[in-house]
Amino acid sequence: MRFLLDAEQRAFARSLDAMLGAAGTAAAVRDWSRGDRARGWALWSRIADAGVFALAVPEKYEGLGPRPVDLAVAFVELGRHAVPGPLVETVAAAALLSGPGPAERFLAGLASGRSAATVTHEGRHALDGDAVPLRLALAADGLRLAPGHGPVRPSLDPARRLTRLSPGGELLDAAPDVDRALRWARLATAAQALGVGLALLERTVEHVRRRVQFGAPIGSFQAVKHRLADVKIALEFARPLVLGAAVTMTAADVAAAKASAGEAAYASARAALQLHGALGYTAEYDLSLWLTKAAALRTAWGTPGECRAEVLRARGQAH
């Protein structure tokens, strides 16, 4: 299958890229890491006004969707600009809150950006549980509205602030569609990781063109060219898997896209760190914002091993 974005989808990606490029996302990420979310929520509102979260919400609940392909296009740009916050978790919440009662109660707020959500299994850490108004916990008896949260725990990515949700709370749905929510979450994570990997590659290519050793830019060295070519191939291989998974939305296709994009972004991060040298290890240098995110997204919503196992199970059932 050959998949190409149409003119409207390409224009959507360009508009998000332009908006986020002018928004100073690096400052918002650093503020978010410190618990100062004013810039982050302002950015969230602009993303919501562009219709990103509405793509995961049905039209009957004031959304534009479900439109997974357009959502994937958007999340590539969110990853490219390292946007902070529970982006994927809000998409997963929209998929979980599909029962008539919870949908009417919460989905319009998620679609418009007036609200944001985090989702986790009861007893596990949730992303930004200290920041969002809507905290959802998957418990043994169904989907519950968590009444609070515990202290913030440090994370590999400082902008991904983790907390445990308080147990108990209102039961929203005794039989939530967890599999559907997982597919949407993995698709959004895969697209976000792809964007992170592309941003890292772009920054690294720019760096090796400027950095000079032995009287020549290091980008002219064959070893550097080959390393970056391998990263480029991995990212370009992941791109159609992500978009193809958005078309089919099968568990196996989405898992394959998640594994491929996560590994490609991680390879891009490793190459970026090595080729930037000591500069790449400097937390004050903006490259670090993408490096840590690539590592975190690689295992978020399913490790590469778990996603590959999902693909193998599907193939075994098919035969």
# chains A, B, ... in the order shown; residues from 1 in each chain; ligands from 1
call {"tool": "residues_around", "arguments": {"residues": "A:Val76", "least_positions_apart": "4", "cutoff": "8 Å", "atoms": "only C-alpha atoms", "output": "PyMOL selection string"}}
result
chain A and resi 72+80+191-196
call {"tool": "write_last_selection", "arguments": {"atoms": "N, CA and C atoms", "output": "PDB file, in the first residue's frame"}}
result
ATOM      1  N   ALA A  72      -2.686  11.545  13.749  1.00  0.00           N
ATOM      2  CA  ALA A  72      -1.283  11.147  13.605  1.00  0.00           C
ATOM      3  C   ALA A  72      -0.467  12.272  12.980  1.00  0.00           C
ATOM      4  N   ARG A  80       7.690  16.899  17.030  1.00  0.00           N
ATOM      5  CA  ARG A  80       8.770  17.671  16.411  1.00  0.00           C
ATOM      6  C   ARG A  80       9.108  18.912  17.236  1.00  0.00           C
ATOM      7  N   ALA A 191       3.330   8.484  16.599  1.00  0.00           N
ATOM      8  CA  ALA A 191       3.452   9.692  15.782  1.00  0.00           C
ATOM      9  C   ALA A 191       4.294  10.741  16.492  1.00  0.00           C
ATOM     10  N   GLN A 192       4.088  10.885  17.793  1.00  0.00           N
ATOM     11  CA  GLN A 192       4.871  11.848  18.568  1.00  0.00           C
ATOM     12  C   GLN A 192       6.349  11.459  18.548  1.00  0.00           C
ATOM     13  N   ALA A 193       6.650  10.170  18.722  1.00  0.00           N
ATOM     14  CA  ALA A 193       8.035   9.704  18.688  1.00  0.00           C
ATOM     15  C   ALA A 193       8.661   9.950  17.320  1.00  0.00           C
ATOM     16  N   LEU A 194       7.899   9.726  16.268  1.00  0.00           N
ATOM     17  CA  LEU A 194       8.406   9.996  14.922  1.00  0.00           C
ATOM     18  C   LEU A 194       8.800  11.463  14.787  1.00  0.00           C
ATOM     19  N   GLY A 195       7.954  12.366  15.281  1.00  0.00           N
ATOM     20  CA  GLY A 195       8.274  13.789  15.233  1.00  0.00           C
ATOM     21  C   GLY A 195       9.512  14.137  16.033  1.00  0.00           C
ATOM     22  N   VAL A 196       9.665  13.509  17.200  1.00  0.00           N
ATOM     23  CA  VAL A 196      10.861  13.734  18.022  1.00  0.00           C
ATOM     24  C   VAL A 196      12.108  13.285  17.264  1.00  0.00           C
TER      25      VAL A 196
END
call {"tool": "closest_atom_pairs", "arguments": {"of": "stretch 126-232 of chain A", "to": "stretch 23-31 of chain A", "cutoff": "12 Å", "atoms": "only C-alpha atoms", "output": "JSON lines"}}
result
{"residue": "A:Asp157", "atom": "CA", "partner": "A:Val29", "partner_atom": "CA", "distance": 10.4}
{"residue": "A:Pro158", "atom": "CA", "partner": "A:Arg30", "partner_atom": "CA", "distance": 8.3}
{"residue": "A:Ala159", "atom": "CA", "partner": "A:Val29", "partner_atom": "CA", "distance": 6.2}
{"residue": "A:Arg160", "atom": "CA", "partner": "A:Val29", "partner_atom": "CA", "distance": 9.6}
{"residue": "A:Arg161", "atom": "CA", "partner": "A:Val29", "partner_atom": "CA", "distance": 11.4}
call {"tool": "write_last_selection", "arguments": {"atoms": "all heavy atoms", "output": "mmCIF file, in the first residue's frame"}}
result
data_model
loop_
_atom_site.group_PDB
_atom_site.id
_atom_site.type_symbol
_atom_site.label_atom_id
_atom_site.label_comp_id
_atom_site.auth_asym_id
_atom_site.auth_seq_id
_atom_site.Cartn_x
_atom_site.Cartn_y
_atom_site.Cartn_z
ATOM 1 N N ASP A 157 12.388 11.887 31.589
ATOM 2 C CA ASP A 157 12.131 13.154 30.918
ATOM 3 C C ASP A 157 11.555 14.112 31.953
ATOM 4 O O ASP A 157 10.444 13.904 32.437
ATOM 5 C CB ASP A 157 11.134 12.941 29.763
ATOM 6 C CG ASP A 157 10.740 14.225 29.069
ATOM 7 O OD1 ASP A 157 11.295 15.293 29.425
ATOM 8 O OD2 ASP A 157 9.885 14.169 28.167
ATOM 9 N N PRO A 158 12.294 15.165 32.342
ATOM 10 C CA PRO A 158 11.813 16.061 33.401
ATOM 11 C C PRO A 158 10.439 16.659 33.119
ATOM 12 O O PRO A 158 9.712 17.007 34.058
ATOM 13 C CB PRO A 158 12.895 17.151 33.457
ATOM 14 C CG PRO A 158 14.124 16.497 32.925
ATOM 15 C CD PRO A 158 13.638 15.547 31.867
ATOM 16 N N ALA A 159 10.080 16.785 31.832
ATOM 17 C CA ALA A 159 8.778 17.351 31.496
ATOM 18 C C ALA A 159 7.645 16.342 31.659
ATOM 19 O O ALA A 159 6.475 16.710 31.576
ATOM 20 C CB ALA A 159 8.788 17.888 30.067
ATOM 21 N N ARG A 160 7.982 15.072 31.872
ATOM 22 C CA ARG A 160 6.961 14.044 32.098
ATOM 23 C C ARG A 160 6.893 13.793 33.610
ATOM 24 O O ARG A 160 7.565 12.928 34.149
ATOM 25 C CB ARG A 160 7.303 12.764 31.329
ATOM 26 C CG ARG A 160 7.213 12.950 29.825
ATOM 27 C CD ARG A 160 7.712 11.707 29.082
ATOM 28 N NE ARG A 160 6.896 10.530 29.355
ATOM 29 C CZ ARG A 160 5.767 10.232 28.714
ATOM 30 N NH1 ARG A 160 5.319 11.017 27.754
ATOM 31 N NH2 ARG A 160 5.095 9.125 29.007
ATOM 32 N N ARG A 161 6.066 14.566 34.284
ATOM 33 C CA ARG A 161 5.955 14.522 35.748
ATOM 34 C C ARG A 161 4.969 13.408 36.146
ATOM 35 O O ARG A 161 3.834 13.376 35.672
ATOM 36 C CB ARG A 161 5.509 15.877 36.275
ATOM 37 C CG ARG A 161 6.544 16.970 36.006
ATOM 38 C CD ARG A 161 5.960 18.362 36.181
ATOM 39 N NE ARG A 161 5.453 18.587 37.520
ATOM 40 C CZ ARG A 161 6.207 19.023 38.537
ATOM 41 N NH1 ARG A 161 7.488 19.263 38.364
ATOM 42 N NH2 ARG A 161 5.671 19.222 39.728
#
call {"tool": "closest_atom_pairs", "arguments": {"of": "stretch 83-200 of chain A", "to": "stretch 227-230 of chain A", "cutoff": "12 Å", "atoms": "only C-alpha atoms", "output": "tab-separated table"}}
result
residue	atom	partner	partner_atom	distance
A:Gly197	CA	A:Leu228	CA	11.6
A:Leu198	CA	A:Leu228	CA	11.3
A:Leu200	CA	A:Leu228	CA	10.6
call {"tool": "residues_around", "arguments": {"residues": "A:Leu134", "least_positions_apart": "5", "cutoff": "8 Å", "atoms": "only C-alpha atoms", "output": "ChimeraX atom specification"}}
result
/A:115-118,145
call {"tool": "closest_residue", "arguments": {"among": "A:Lys232, A:Arg270, A:Arg153, A:His276", "to": "A:Ile218", "atoms": "only C-alpha atoms"}}
result
A:His276
call {"tool": "select_by_dssp", "arguments": {"residues": "stretch 21-251 of chain A", "states": "strand (DSSP E)", "output": "PyMOL selection string"}}
result
chain A and resi 117-121+125-127+134-139+142-145+162-164+170-173+212-213+216-217
call {"tool": "select_by_dssp", "arguments": {"residues": "stretch 16-184 of chain A", "states": "alpha helix (DSSP H)", "output": "number ranges by chain"}}
result
A: 16-21, 25-33, 38-49, 68-80, 87-96, 100-112, 178-184
call {"tool": "residues_around", "arguments": {"residues": "A:Gly65", "least_positions_apart": "5", "cutoff": "7 Å", "atoms": "only C-alpha atoms", "output": "ChimeraX atom specification"}}
result
/A:54-59
call {"tool": "write_last_selection", "arguments": {"atoms": "all heavy atoms", "output": "mmCIF file, in the first residue's frame"}}
result
data_model
loop_
_atom_site.group_PDB
_atom_site.id
_atom_site.type_symbol
_atom_site.label_atom_id
_atom_site.label_comp_id
_atom_site.auth_asym_id
_atom_site.auth_seq_id
_atom_site.Cartn_x
_atom_site.Cartn_y
_atom_site.Cartn_z
ATOM 1 N N ALA A 54 -9.969 17.604 19.215
ATOM 2 C CA ALA A 54 -11.289 17.297 18.667
ATOM 3 C C ALA A 54 -11.242 16.158 17.662
ATOM 4 O O ALA A 54 -12.269 15.518 17.397
ATOM 5 C CB ALA A 54 -11.874 18.547 18.003
ATOM 6 N N LEU A 55 -10.062 15.869 17.108
ATOM 7 C CA LEU A 55 -9.932 14.781 16.141
ATOM 8 C C LEU A 55 -10.167 13.415 16.774
ATOM 9 O O LEU A 55 -10.468 12.445 16.072
ATOM 10 C CB LEU A 55 -8.531 14.814 15.508
ATOM 11 C CG LEU A 55 -8.221 16.045 14.665
ATOM 12 C CD1 LEU A 55 -6.743 16.076 14.304
ATOM 13 C CD2 LEU A 55 -9.076 16.063 13.406
ATOM 14 N N ALA A 56 -10.020 13.327 18.093
ATOM 15 C CA ALA A 56 -10.239 12.061 18.796
ATOM 16 C C ALA A 56 -11.649 11.954 19.371
ATOM 17 O O ALA A 56 -11.980 10.930 19.976
ATOM 18 C CB ALA A 56 -9.215 11.910 19.921
ATOM 19 N N VAL A 57 -12.457 12.975 19.197
ATOM 20 C CA VAL A 57 -13.794 13.023 19.797
ATOM 21 C C VAL A 57 -14.856 12.997 18.701
ATOM 22 O O VAL A 57 -14.766 13.747 17.723
ATOM 23 C CB VAL A 57 -13.950 14.307 20.651
ATOM 24 C CG1 VAL A 57 -15.369 14.444 21.186
ATOM 25 C CG2 VAL A 57 -12.939 14.298 21.791
ATOM 26 N N PRO A 58 -15.882 12.144 18.829
ATOM 27 C CA PRO A 58 -16.944 12.091 17.814
ATOM 28 C C PRO A 58 -17.681 13.422 17.663
ATOM 29 O O PRO A 58 -17.771 14.213 18.605
ATOM 30 C CB PRO A 58 -17.893 11.004 18.347
ATOM 31 C CG PRO A 58 -17.049 10.173 19.254
ATOM 32 C CD PRO A 58 -16.059 11.114 19.872
ATOM 33 N N GLU A 59 -18.214 13.654 16.479
ATOM 34 C CA GLU A 59 -18.904 14.909 16.190
ATOM 35 C C GLU A 59 -20.099 15.137 17.118
ATOM 36 O O GLU A 59 -20.392 16.275 17.477
ATOM 37 C CB GLU A 59 -19.363 14.919 14.734
ATOM 38 C CG GLU A 59 -18.217 14.971 13.727
ATOM 39 C CD GLU A 59 -18.716 15.040 12.298
ATOM 40 O OE1 GLU A 59 -19.930 15.266 12.100
ATOM 41 O OE2 GLU A 59 -17.898 14.862 11.383
#
call {"tool": "residues_around", "arguments": {"residues": "A:Asp173", "least_positions_apart": "3", "cutoff": "6 Å", "atoms": "only C-alpha atoms", "output": "PyMOL selection string"}}
result
chain A and resi 142-143+176
call {"tool": "residues_around", "arguments": {"residues": "A:Val69", "least_positions_apart": "5", "cutoff": "7 Å", "atoms": "only C-alpha atoms", "output": "list in words"}}
result
Leu243, Ala246 and Val247 of chain A
call {"tool": "closest_atom_pairs", "arguments": {"of": "stretch 144-234 of chain A", "to": "stretch 304-307 of chain A", "cutoff": "12 Å", "atoms": "only C-alpha atoms", "output": "JSON lines"}}
result
{"residue": "A:Leu182", "atom": "CA", "partner": "A:Cys307", "partner_atom": "CA", "distance": 11.3}
{"residue": "A:Arg183", "atom": "CA", "partner": "A:Cys307", "partner_atom": "CA", "distance": 11.0}
{"residue": "A:Arg186", "atom": "CA", "partner": "A:Cys307", "partner_atom": "CA", "distance": 9.3}
{"residue": "A:Leu187", "atom": "CA", "partner": "A:Cys307", "partner_atom": "CA", "distance": 11.7}
{"residue": "A:Ala190", "atom": "CA", "partner": "A:Pro304", "partner_atom": "CA", "distance": 11.1}
call {"tool": "closest_residue", "arguments": {"among": "A:Gln274, A:Ser15, A:Ser155, A:Thr250", "to": "A:His207", "atoms": "only C-alpha atoms"}}
result
A:Gln274
call {"tool": "closest_residue", "arguments": {"among": "A:Leu201, A:Ala42, A:Ala82, A:Leu107", "to": "A:Glu236", "atoms": "only C-alpha atoms"}}
result
A:Leu201
call {"tool": "atom_distance", "arguments": {"atom1": "atom CA of A:Leu165", "atom2": "atom CA of A:Val88"}}
result
17.5 Å
call {"tool": "closest_residue", "arguments": {"among": "A:Ser98, A:Gln317, A:Thr204, A:Gln222", "to": "A:Ala252", "atoms": "only C-alpha atoms"}}
result
A:Gln317
call {"tool": "closest_residue", "arguments": {"among": "A:Ala314, A:Ile47, A:Leu297, A:Ala13", "to": "A:Leu156", "atoms": "only C-alpha atoms"}}
result
A:Leu297
